[in-house]
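A.B. asks: For reference, this is protein-v8.pdb, and it has PDB, C-alpha atoms and all ligand atoms.
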ATOM      1  CA  MET A  91      92.096 -64.036  -1.574
ATOM      2  CA  SER A  92      89.956 -61.576   0.297
ATOM      3  CA  HIS A  93      89.193 -60.562   3.839
ATOM      4  CA  GLY A  94      86.880 -58.124   5.598
ATOM      5  CA  ALA A  95      87.028 -56.013   8.780
ATOM      6  CA  THR A  96      84.236 -53.954  10.294
ATOM      7  CA  MET A  97      84.768 -50.707  12.216
ATOM      8  CA  GLU A  98      82.163 -48.546  13.928
ATOM      9  CA  GLU A  99      82.437 -44.859  12.965
ATOM     10  CA  LYS A 100      80.274 -41.782  13.537
ATOM     11  CA  ASN A 101      77.045 -42.115  11.599
ATOM     12  CA  TYR A 102      78.014 -44.989   9.342
ATOM     13  CA  ASP A 103      79.743 -48.359   9.376
ATOM     14  CA  VAL A 104      82.789 -49.132   7.263
ATOM     15  CA  GLN A 105      83.773 -52.494   5.896
ATOM     16  CA  GLU A 106      86.889 -53.059   3.840
ATOM     17  CA  VAL A 107      87.399 -55.989   1.480
ATOM     18  CA  VAL A 108      90.788 -56.626  -0.111
ATOM     19  CA  ALA A 109      91.773 -58.848  -3.031
ATOM     20  CA  VAL A 110      95.177 -59.425  -4.607
ATOM     21  CA  VAL A 111      95.355 -60.519  -8.256
ATOM     22  CA  ASP A 112      98.032 -60.823 -10.926
ATOM     23  CA  ARG A 113      98.394 -57.702 -13.041
ATOM     24  CA  ASP A 114      98.214 -59.815 -16.224
ATOM     25  CA  ARG A 115      94.848 -61.224 -15.258
ATOM     26  CA  TYR A 116      93.447 -57.906 -14.067
ATOM     27  CA  VAL A 117      94.427 -56.183 -17.316
ATOM     28  CA  ARG A 118      93.216 -59.060 -19.493
ATOM     29  CA  GLU A 119      89.858 -59.700 -17.831
ATOM     30  CA  PHE A 120      88.869 -56.379 -16.262
ATOM     31  CA  ARG A 121      90.175 -53.644 -18.557
ATOM     32  CA  ASP A 122      88.224 -52.221 -21.492
ATOM     33  CA  VAL A 123      89.490 -48.732 -22.312
ATOM     34  CA  PRO A 124      87.097 -47.807 -25.179
ATOM     35  CA  THR A 125      83.996 -48.692 -23.126
ATOM     36  CA  PHE A 126      85.033 -46.892 -19.959
ATOM     37  CA  GLU A 127      86.580 -43.904 -21.679
ATOM     38  CA  ALA A 128      83.195 -43.440 -23.383
ATOM     39  CA  CYS A 129      81.635 -43.316 -19.859
ATOM     40  CA  CYS A 130      84.293 -40.828 -18.692
ATOM     41  CA  LYS A 131      83.430 -38.571 -21.640
ATOM     42  CA  GLN A 132      79.964 -38.060 -20.129
ATOM     43  CA  CYS A 133      81.536 -36.571 -16.980
ATOM     44  CA  PRO A 134      82.348 -32.843 -16.708
ATOM     45  CA  ASN A 135      85.761 -33.772 -15.261
ATOM     46  CA  TYR A 136      86.813 -35.424 -18.544
ATOM     47  CA  GLY A 137      89.803 -33.494 -19.866
ATOM     48  CA  ASN A 138      89.442 -30.990 -17.030
ATOM     49  CA  ARG A 139      91.237 -32.741 -14.135
ATOM     50  CA  TRP A 140      94.758 -34.078 -14.192
ATOM     51  CA  GLY A 141      93.612 -37.363 -12.625
ATOM     52  CA  CYS A 142      91.113 -37.963 -15.451
ATOM     53  CA  PRO A 143      91.404 -39.048 -19.080
ATOM     54  CA  PRO A 144      92.379 -38.362 -21.753
ATOM     55  CA  PHE A 145      96.008 -39.079 -20.904
ATOM     56  CA  ASP A 146      98.924 -38.105 -23.099
ATOM     57  CA  HIS A 147     100.342 -41.653 -23.330
ATOM     58  CA  ASP A 148      99.330 -45.319 -23.454
ATOM     59  CA  THR A 149      98.360 -45.947 -19.823
ATOM     60  CA  LEU A 150      99.075 -49.683 -20.120
ATOM     61  CA  GLN A 151     102.772 -48.783 -20.074
ATOM     62  CA  ASP A 152     102.334 -47.409 -16.533
ATOM     63  CA  LEU A 153     101.062 -50.807 -15.332
ATOM     64  CA  LEU A 154     103.578 -53.118 -16.987
ATOM     65  CA  PRO A 155     106.396 -52.646 -14.416
ATOM     66  CA  TYR A 156     104.184 -54.282 -11.747
ATOM     67  CA  GLU A 157     103.239 -57.936 -11.257
ATOM     68  CA  LYS A 158     100.419 -57.633  -8.744
ATOM     69  CA  VAL A 159      97.484 -55.422  -7.953
ATOM     70  CA  LYS A 160      95.871 -55.045  -4.546
ATOM     71  CA  ILE A 161      92.233 -53.953  -4.851
ATOM     72  CA  ILE A 162      90.612 -52.329  -1.835
ATOM     73  CA  GLY A 163      86.835 -51.984  -1.633
ATOM     74  CA  VAL A 164      85.375 -49.707   1.058
ATOM     75  CA  LYS A 165      81.705 -50.237   1.869
ATOM     76  CA  ILE A 166      80.090 -47.304   3.692
ATOM     77  CA  THR A 167      76.712 -48.071   5.241
ATOM     78  CA  PRO A 168      74.857 -45.084   6.734
ATOM     79  CA  HIS A 169      73.027 -45.722   9.993
ATOM     80  CA  ASP A 170      70.095 -43.623   8.778
ATOM     81  CA  GLU A 171      68.496 -45.477   5.875
ATOM     82  CA  LYS A 172      66.581 -42.396   4.734
ATOM     83  CA  LEU A 173      69.477 -40.014   4.091
ATOM     84  CA  PRO A 174      69.200 -38.045   0.824
ATOM     85  CA  LEU A 175      71.720 -38.829  -1.874
ATOM     86  CA  SER A 176      72.967 -35.231  -1.652
ATOM     87  CA  GLN A 177      74.786 -36.226   1.555
ATOM     88  CA  ALA A 178      76.819 -38.952  -0.140
ATOM     89  CA  GLN A 179      79.879 -36.756  -0.759
ATOM     90  CA  SER A 180      80.125 -35.546   2.837
ATOM     91  CA  LEU A 181      79.617 -39.108   4.108
ATOM     92  CA  MET A 182      82.396 -40.429   1.877
ATOM     93  CA  ARG A 183      84.882 -37.568   2.322
ATOM     94  CA  PRO A 184      86.543 -38.758   5.577
ATOM     95  CA  GLU A 185      86.892 -42.269   4.158
ATOM     96  CA  ILE A 186      88.334 -40.951   0.889
ATOM     97  CA  GLU A 187      90.899 -38.910   2.838
ATOM     98  CA  ARG A 188      91.764 -41.839   5.111
ATOM     99  CA  VAL A 189      92.187 -44.352   2.275
ATOM    100  CA  ASN A 190      94.012 -41.902  -0.029
ATOM    101  CA  LYS A 191      96.562 -41.305   2.721
ATOM    102  CA  ARG A 192      97.021 -45.027   3.233
ATOM    103  CA  LEU A 193      97.382 -45.686  -0.504
ATOM    104  CA  LEU A 194     100.131 -43.086  -0.810
ATOM    105  CA  GLU A 195     101.923 -44.625   2.182
ATOM    106  CA  MET A 196     101.650 -48.080   0.586
ATOM    107  CA  GLU A 197     102.910 -46.639  -2.701
ATOM    108  CA  ARG A 198     105.963 -45.170  -0.944
ATOM    109  CA  GLU A 199     106.662 -48.361   1.023
ATOM    110  CA  LYS A 200     106.250 -50.790  -1.868
ATOM    111  CA  GLY A 201     107.424 -48.523  -4.695
ATOM    112  CA  GLY A 202     104.133 -49.138  -6.507
ATOM    113  CA  LEU A 203     101.517 -47.112  -8.353
ATOM    114  CA  ALA A 204      98.350 -46.115  -6.474
ATOM    115  CA  PHE A 205      94.855 -45.544  -7.876
ATOM    116  CA  GLY A 206      92.435 -43.370  -5.939
ATOM    117  CA  PHE A 207      88.856 -42.243  -6.392
ATOM    118  CA  VAL A 208      86.754 -40.595  -9.050
ATOM    119  CA  GLY A 209      85.032 -37.298  -8.441
ATOM    120  CA  ASP A 210      86.122 -33.815  -7.639
ATOM    121  CA  CYS A 211      89.794 -33.451  -6.829
ATOM    122  CA  PRO A 212      90.113 -32.449  -3.155
ATOM    123  CA  TYR A 213      93.574 -30.879  -3.221
ATOM    124  CA  CYS A 214      92.996 -27.380  -4.649
ATOM    125  CA  ASN A 215      90.193 -26.444  -2.249
ATOM    126  CA  GLY A 216      87.676 -25.850  -5.007
ATOM    127  CA  ALA A 217      89.974 -23.692  -7.177
ATOM    128  CA  PRO A 218      89.729 -24.476 -10.917
ATOM    129  CA  CYS A 219      92.078 -27.277 -11.937
ATOM    130  CA  ALA A 220      95.355 -26.090 -13.462
ATOM    131  CA  ARG A 221      94.594 -28.327 -16.465
ATOM    132  CA  LEU A 222      91.942 -25.835 -17.548
ATOM    133  CA  HIS A 223      94.753 -23.337 -18.126
ATOM    134  CA  GLY A 224      97.120 -25.863 -19.697
ATOM    135  CA  GLU A 225      99.333 -25.775 -16.587
ATOM    136  CA  PRO A 226     100.812 -28.739 -14.683
ATOM    137  CA  CYS A 227      99.061 -30.198 -11.622
ATOM    138  CA  ARG A 228      99.782 -28.209  -8.436
ATOM    139  CA  HIS A 229      99.913 -31.359  -6.268
ATOM    140  CA  PRO A 230     101.288 -34.208  -8.382
ATOM    141  CA  GLN A 231     102.740 -35.871  -5.294
ATOM    142  CA  VAL A 232      99.228 -36.789  -4.097
ATOM    143  CA  VAL A 233      96.929 -36.780  -7.170
ATOM    144  CA  ARG A 234      96.315 -40.264  -8.551
ATOM    145  CA  PRO A 235      93.931 -41.457 -11.258
ATOM    146  CA  SER A 236      91.090 -43.819 -10.500
ATOM    147  CA  LEU A 237      91.010 -47.384 -11.795
ATOM    148  CA  GLU A 238      88.066 -46.329 -14.006
ATOM    149  CA  ALA A 239      90.230 -43.621 -15.574
ATOM    150  CA  PHE A 240      92.653 -46.347 -16.693
ATOM    151  CA  GLY A 241      89.779 -48.335 -18.227
ATOM    152  CA  PHE A 242      89.049 -50.856 -15.473
ATOM    153  CA  ASP A 243      85.528 -52.185 -14.986
ATOM    154  CA  ILE A 244      84.637 -51.344 -11.386
ATOM    155  CA  GLY A 245      81.290 -53.194 -11.332
ATOM    156  CA  LYS A 246      82.974 -56.416 -12.491
ATOM    157  CA  THR A 247      85.873 -55.803 -10.085
ATOM    158  CA  THR A 248      83.622 -55.489  -7.033
ATOM    159  CA  ARG A 249      81.362 -58.371  -8.087
ATOM    160  CA  GLU A 250      83.979 -60.917  -9.098
ATOM    161  CA  LEU A 251      86.960 -60.003  -6.916
ATOM    162  CA  LEU A 252      85.442 -58.436  -3.798
ATOM    163  CA  GLY A 253      82.013 -60.101  -3.578
ATOM    164  CA  ILE A 254      80.288 -56.696  -3.465
ATOM    165  CA  GLU A 255      77.334 -55.850  -5.698
ATOM    166  CA  ILE A 256      77.344 -52.073  -6.093
ATOM    167  CA  GLN A 257      74.047 -50.508  -4.955
ATOM    168  CA  TRP A 258      72.461 -47.629  -6.838
ATOM    169  CA  SER A 259      70.382 -44.765  -5.566
ATOM    170  CA  ARG A 260      66.601 -44.684  -6.033
ATOM    171  CA  ASP A 261      64.337 -41.629  -5.675
ATOM    172  CA  LYS A 262      67.357 -39.465  -4.743
ATOM    173  CA  ARG A 263      67.836 -41.567  -1.590
ATOM    174  CA  MET A 264      71.175 -42.950  -0.490
ATOM    175  CA  PRO A 265      71.577 -46.593  -1.526
ATOM    176  CA  LYS A 266      71.867 -49.163   1.246
ATOM    177  CA  PHE A 267      75.622 -48.664   1.080
ATOM    178  CA  LEU A 268      78.170 -46.674  -0.925
ATOM    179  CA  THR A 269      81.219 -48.378  -2.422
ATOM    180  CA  LEU A 270      84.667 -46.878  -2.988
ATOM    181  CA  VAL A 271      87.209 -48.869  -4.964
ATOM    182  CA  CYS A 272      90.921 -48.107  -5.143
ATOM    183  CA  GLY A 273      94.099 -50.078  -5.641
ATOM    184  CA  LEU A 274      97.838 -50.405  -5.787
ATOM    185  CA  PHE A 275      99.948 -51.965  -8.527
ATOM    186  CA  TYR A 276     103.167 -53.265  -6.999
ATOM    187  CA  ASN A 277     105.855 -55.919  -6.947
ATOM    188  CA  GLU A 278     106.231 -58.323  -4.043
TER     189      GLU A 278
HETATM  190  S1  LIG A 301      95.479 -30.950  -7.414
HETATM  191 FE1  LIG A 301      94.596 -29.134  -8.384
HETATM  192  S2  LIG A 301      95.745 -28.958 -10.302
HETATM  193 FE2  LIG A 301      96.052 -31.075  -9.580
HETATM  194  S3  LIG A 301      94.429 -32.312 -10.532
HETATM  195 FE3  LIG A 301      93.658 -31.608  -8.542
HETATM  196  S4  LIG A 301      92.488 -29.726  -9.008
HETATM  197 FE4  LIG A 301      93.863 -30.130 -10.764
END
Please go through the file and, once you have read it, give me the structure as structure tokens.
C.D. replies:
Amino acid sequence: MSHGATMEEKNYDVQEVVAVVDRDRYVREFRDVPTFEACCKQCPNYGNRWGCPPFDHDTLQDLLPYEKVKIIGVKITPHDEKLPLSQAQSLMRPEIERVNKRLLEMEREKGGLAFGFVGDCPYCNGAPCARLHGEPCRHPQVVRPSLEAFGFDIGKTTRELLGIEIQWSRDKRMPKFLTLVCGLFYNE
């Protein structure tokens, strides 16, 4: 169900792990909207980014047209074990851009629904999100919610489907590796 591939990049290594599961199972066993929406409410992006909750409809309806979900985990291991956590965003940015592009290509090819990454939206170059002014997203063709935003448990997903135990930072140091998780709902 899963496979891995290692690539050598600038100052970090990247490993991808992929799992394919039935949508029914993923929704039944890995989705808990009240719990994860409560986590999202602690984030300043809640209600302030178009990719983030709250959404104006029942998000389960967006998933029901699809039978499968492909989960992609991206493990980023810095070569320097003593990097400060403040460098995490710049370390992840090229990988986020690379995988986002691939997800959108997969979405176009398979006619599916892609899920990207949490965090600051990269498409308005730091300008305040249009949501703050009650206006529509300026780049809806590329903005996608994260799996967390739709209530999926990312820790359980990585542990049980990808065999990755997410590492946390200590003393403002980078953890041993950073983990990005994204996915695509689709039909075969
Ligand atoms: S692309 Fe711009 S308007 Fe759309 S969600 Fe991102 S920051 Fe907001």
A.B. asks: Excluding Leu154 (chain A) and its own-chain neighbours fewer than 6 positions away, which residues fall within 12 Å of it when counting all atoms listed in the file? Please give them as a ChimeraX atom specification.
C.D. replies: /A:112-114,116-117,148,202-203,275-277
A.B. asks: Residues contacting ligand LIG 301 (chain A) - anything with an atom at most 7 Å away, using all atoms listed in the file - can you give me those as a list of chain:residue names?
C.D. replies: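 The residues near ligand LIG 301 (chain A) are A:Arg139, A:Trp140, A:Gly141, A:Cys211, A:Pro212, A:Tyr213, A:Cys214, A:Ala217, A:Pro218, A:Cys219, A:Ala220, A:Arg221, A:Pro226, A:Cys227, A:Arg228, A:His229, A:Pro230, A:Val233.
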A.B. asks: Considering only C-alpha atoms, can you say which of A:Pro134, A:Pro143, A:Gly241, A:Pro168 comes closest to Val104 (chain A)?
C.D. replies: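 Ranked by minimum distance to Val104 (chain A), first place goes to A:Pro168.
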A.B. asks: Give me the residues within 12 Å of Glu185 (chain A) as a ChimeraX atom specification, counting all atoms listed in the file and dropping any in the same chain fewer than 3 places off.
C.D. replies: /A:97,99-100,102-106,163-167,178-182,188-193,206-207,268-272
A.B. asks: Which is closer to Cys130 (chain A) than all the others in A:Ala239, A:Glu225, A:Glu278, A:Thr248, using all atoms listed in the file?
C.D. replies: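 With all atoms listed in the file as the atom set, the closest residue is A:Ala239.
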A.B. asks: Would you compute the distance between CA of Trp258 (chain A) and CA of Glu127 (chain A)? Give it in Å to one decimal.
C.D. replies: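 For CA of Trp258 (chain A) relative to CA of Glu127 (chain A), the distance reads 20.8 Å.
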A.B. asks: Name all residues at most 8 Å from Leu173 (chain A) (count only C-alpha atoms; drop same-chain ones fewer than 4 positions away) and give them as a VMD selection string.
C.D. replies: chain A and resid 168 177 263 to 264
A.B. asks: Please complete region 242-253 of chain A so it has all heavy atoms, and hand it over as a PDB file, keeping the file's coordinate frame.
C.D. replies:
ATOM      1  N   PHE A 242      89.460 -49.645 -16.182  1.00  0.00           N
ATOM      2  CA  PHE A 242      89.049 -50.856 -15.473  1.00  0.00           C
ATOM      3  C   PHE A 242      87.551 -50.829 -15.157  1.00  0.00           C
ATOM      4  O   PHE A 242      86.973 -49.770 -14.885  1.00  0.00           O
ATOM      5  CB  PHE A 242      89.868 -51.038 -14.186  1.00  0.00           C
ATOM      6  CG  PHE A 242      91.285 -51.436 -14.468  1.00  0.00           C
ATOM      7  CD1 PHE A 242      92.312 -50.510 -14.379  1.00  0.00           C
ATOM      8  CD2 PHE A 242      91.592 -52.739 -14.864  1.00  0.00           C
ATOM      9  CE1 PHE A 242      93.624 -50.862 -14.683  1.00  0.00           C
ATOM     10  CE2 PHE A 242      92.901 -53.101 -15.167  1.00  0.00           C
ATOM     11  CZ  PHE A 242      93.915 -52.161 -15.068  1.00  0.00           C
ATOM     12  N   ASP A 243      86.964 -52.016 -15.202  1.00  0.00           N
ATOM     13  CA  ASP A 243      85.528 -52.185 -14.986  1.00  0.00           C
ATOM     14  C   ASP A 243      85.296 -52.360 -13.477  1.00  0.00           C
ATOM     15  O   ASP A 243      85.580 -53.428 -12.908  1.00  0.00           O
ATOM     16  CB  ASP A 243      85.068 -53.433 -15.760  1.00  0.00           C
ATOM     17  CG  ASP A 243      83.565 -53.661 -15.656  1.00  0.00           C
ATOM     18  OD1 ASP A 243      82.941 -53.183 -14.690  1.00  0.00           O
ATOM     19  OD2 ASP A 243      83.036 -54.343 -16.551  1.00  0.00           O
ATOM     20  N   ILE A 244      84.770 -51.324 -12.849  1.00  0.00           N
ATOM     21  CA  ILE A 244      84.637 -51.344 -11.386  1.00  0.00           C
ATOM     22  C   ILE A 244      83.493 -52.263 -10.933  1.00  0.00           C
ATOM     23  O   ILE A 244      83.614 -52.962  -9.924  1.00  0.00           O
ATOM     24  CB  ILE A 244      84.437 -49.900 -10.865  1.00  0.00           C
ATOM     25  CG1 ILE A 244      85.708 -49.086 -11.119  1.00  0.00           C
ATOM     26  CG2 ILE A 244      84.114 -49.882  -9.370  1.00  0.00           C
ATOM     27  CD1 ILE A 244      86.977 -49.668 -10.546  1.00  0.00           C
ATOM     28  N   GLY A 245      82.401 -52.296 -11.693  1.00  0.00           N
ATOM     29  CA  GLY A 245      81.290 -53.194 -11.332  1.00  0.00           C
ATOM     30  C   GLY A 245      81.741 -54.649 -11.342  1.00  0.00           C
ATOM     31  O   GLY A 245      81.482 -55.411 -10.417  1.00  0.00           O
ATOM     32  N   LYS A 246      82.462 -55.032 -12.389  1.00  0.00           N
ATOM     33  CA  LYS A 246      82.974 -56.416 -12.491  1.00  0.00           C
ATOM     34  C   LYS A 246      84.013 -56.680 -11.396  1.00  0.00           C
ATOM     35  O   LYS A 246      84.078 -57.756 -10.825  1.00  0.00           O
ATOM     36  CB  LYS A 246      83.578 -56.604 -13.891  1.00  0.00           C
ATOM     37  CG  LYS A 246      84.108 -57.986 -14.213  1.00  0.00           C
ATOM     38  CD  LYS A 246      84.490 -58.028 -15.693  1.00  0.00           C
ATOM     39  CE  LYS A 246      85.516 -59.101 -15.991  1.00  0.00           C
ATOM     40  NZ  LYS A 246      85.024 -60.333 -16.496  1.00  0.00           N
ATOM     41  N   THR A 247      84.843 -55.659 -11.126  1.00  0.00           N
ATOM     42  CA  THR A 247      85.873 -55.803 -10.085  1.00  0.00           C
ATOM     43  C   THR A 247      85.227 -56.092  -8.733  1.00  0.00           C
ATOM     44  O   THR A 247      85.639 -57.014  -8.017  1.00  0.00           O
ATOM     45  CB  THR A 247      86.711 -54.502  -9.983  1.00  0.00           C
ATOM     46  OG1 THR A 247      87.400 -54.295 -11.212  1.00  0.00           O
ATOM     47  CG2 THR A 247      87.716 -54.568  -8.846  1.00  0.00           C
ATOM     48  N   THR A 248      84.218 -55.288  -8.362  1.00  0.00           N
ATOM     49  CA  THR A 248      83.622 -55.489  -7.033  1.00  0.00           C
ATOM     50  C   THR A 248      82.874 -56.820  -6.987  1.00  0.00           C
ATOM     51  O   THR A 248      82.957 -57.543  -6.000  1.00  0.00           O
ATOM     52  CB  THR A 248      82.653 -54.342  -6.663  1.00  0.00           C
ATOM     53  OG1 THR A 248      81.581 -54.317  -7.587  1.00  0.00           O
ATOM     54  CG2 THR A 248      83.365 -53.017  -6.610  1.00  0.00           C
ATOM     55  N   ARG A 249      82.178 -57.149  -8.081  1.00  0.00           N
ATOM     56  CA  ARG A 249      81.362 -58.371  -8.087  1.00  0.00           C
ATOM     57  C   ARG A 249      82.236 -59.624  -8.051  1.00  0.00           C
ATOM     58  O   ARG A 249      82.048 -60.512  -7.228  1.00  0.00           O
ATOM     59  CB  ARG A 249      80.511 -58.370  -9.367  1.00  0.00           C
ATOM     60  CG  ARG A 249      79.353 -59.338  -9.381  1.00  0.00           C
ATOM     61  CD  ARG A 249      78.561 -59.239 -10.700  1.00  0.00           C
ATOM     62  NE  ARG A 249      78.358 -57.871 -11.123  1.00  0.00           N
ATOM     63  CZ  ARG A 249      78.875 -57.326 -12.245  1.00  0.00           C
ATOM     64  NH1 ARG A 249      79.594 -58.066 -13.080  1.00  0.00           N
ATOM     65  NH2 ARG A 249      78.654 -56.078 -12.560  1.00  0.00           N
ATOM     66  N   GLU A 250      83.238 -59.663  -8.931  1.00  0.00           N
ATOM     67  CA  GLU A 250      83.979 -60.917  -9.098  1.00  0.00           C
ATOM     68  C   GLU A 250      85.191 -61.040  -8.187  1.00  0.00           C
ATOM     69  O   GLU A 250      85.622 -62.143  -7.885  1.00  0.00           O
ATOM     70  CB  GLU A 250      84.417 -61.052 -10.567  1.00  0.00           C
ATOM     71  CG  GLU A 250      83.207 -61.166 -11.488  1.00  0.00           C
ATOM     72  CD  GLU A 250      83.587 -61.430 -12.943  1.00  0.00           C
ATOM     73  OE1 GLU A 250      84.750 -61.792 -13.207  1.00  0.00           O
ATOM     74  OE2 GLU A 250      82.713 -61.246 -13.799  1.00  0.00           O
ATOM     75  N   LEU A 251      85.751 -59.910  -7.753  1.00  0.00           N
ATOM     76  CA  LEU A 251      86.960 -60.003  -6.916  1.00  0.00           C
ATOM     77  C   LEU A 251      86.688 -59.694  -5.453  1.00  0.00           C
ATOM     78  O   LEU A 251      87.386 -60.189  -4.573  1.00  0.00           O
ATOM     79  CB  LEU A 251      88.039 -59.043  -7.441  1.00  0.00           C
ATOM     80  CG  LEU A 251      88.554 -59.328  -8.856  1.00  0.00           C
ATOM     81  CD1 LEU A 251      89.564 -58.269  -9.277  1.00  0.00           C
ATOM     82  CD2 LEU A 251      89.182 -60.722  -8.938  1.00  0.00           C
ATOM     83  N   LEU A 252      85.686 -58.858  -5.179  1.00  0.00           N
ATOM     84  CA  LEU A 252      85.442 -58.436  -3.798  1.00  0.00           C
ATOM     85  C   LEU A 252      84.143 -58.989  -3.226  1.00  0.00           C
ATOM     86  O   LEU A 252      83.888 -58.865  -2.023  1.00  0.00           O
ATOM     87  CB  LEU A 252      85.411 -56.901  -3.713  1.00  0.00           C
ATOM     88  CG  LEU A 252      86.665 -56.161  -4.214  1.00  0.00           C
ATOM     89  CD1 LEU A 252      86.456 -54.650  -4.169  1.00  0.00           C
ATOM     90  CD2 LEU A 252      87.896 -56.550  -3.402  1.00  0.00           C
ATOM     91  N   GLY A 253      83.301 -59.570  -4.071  1.00  0.00           N
ATOM     92  CA  GLY A 253      82.013 -60.101  -3.578  1.00  0.00           C
ATOM     93  C   GLY A 253      81.052 -59.001  -3.163  1.00  0.00           C
ATOM     94  O   GLY A 253      80.207 -59.201  -2.298  1.00  0.00           O
TER      95      GLY A 253
END
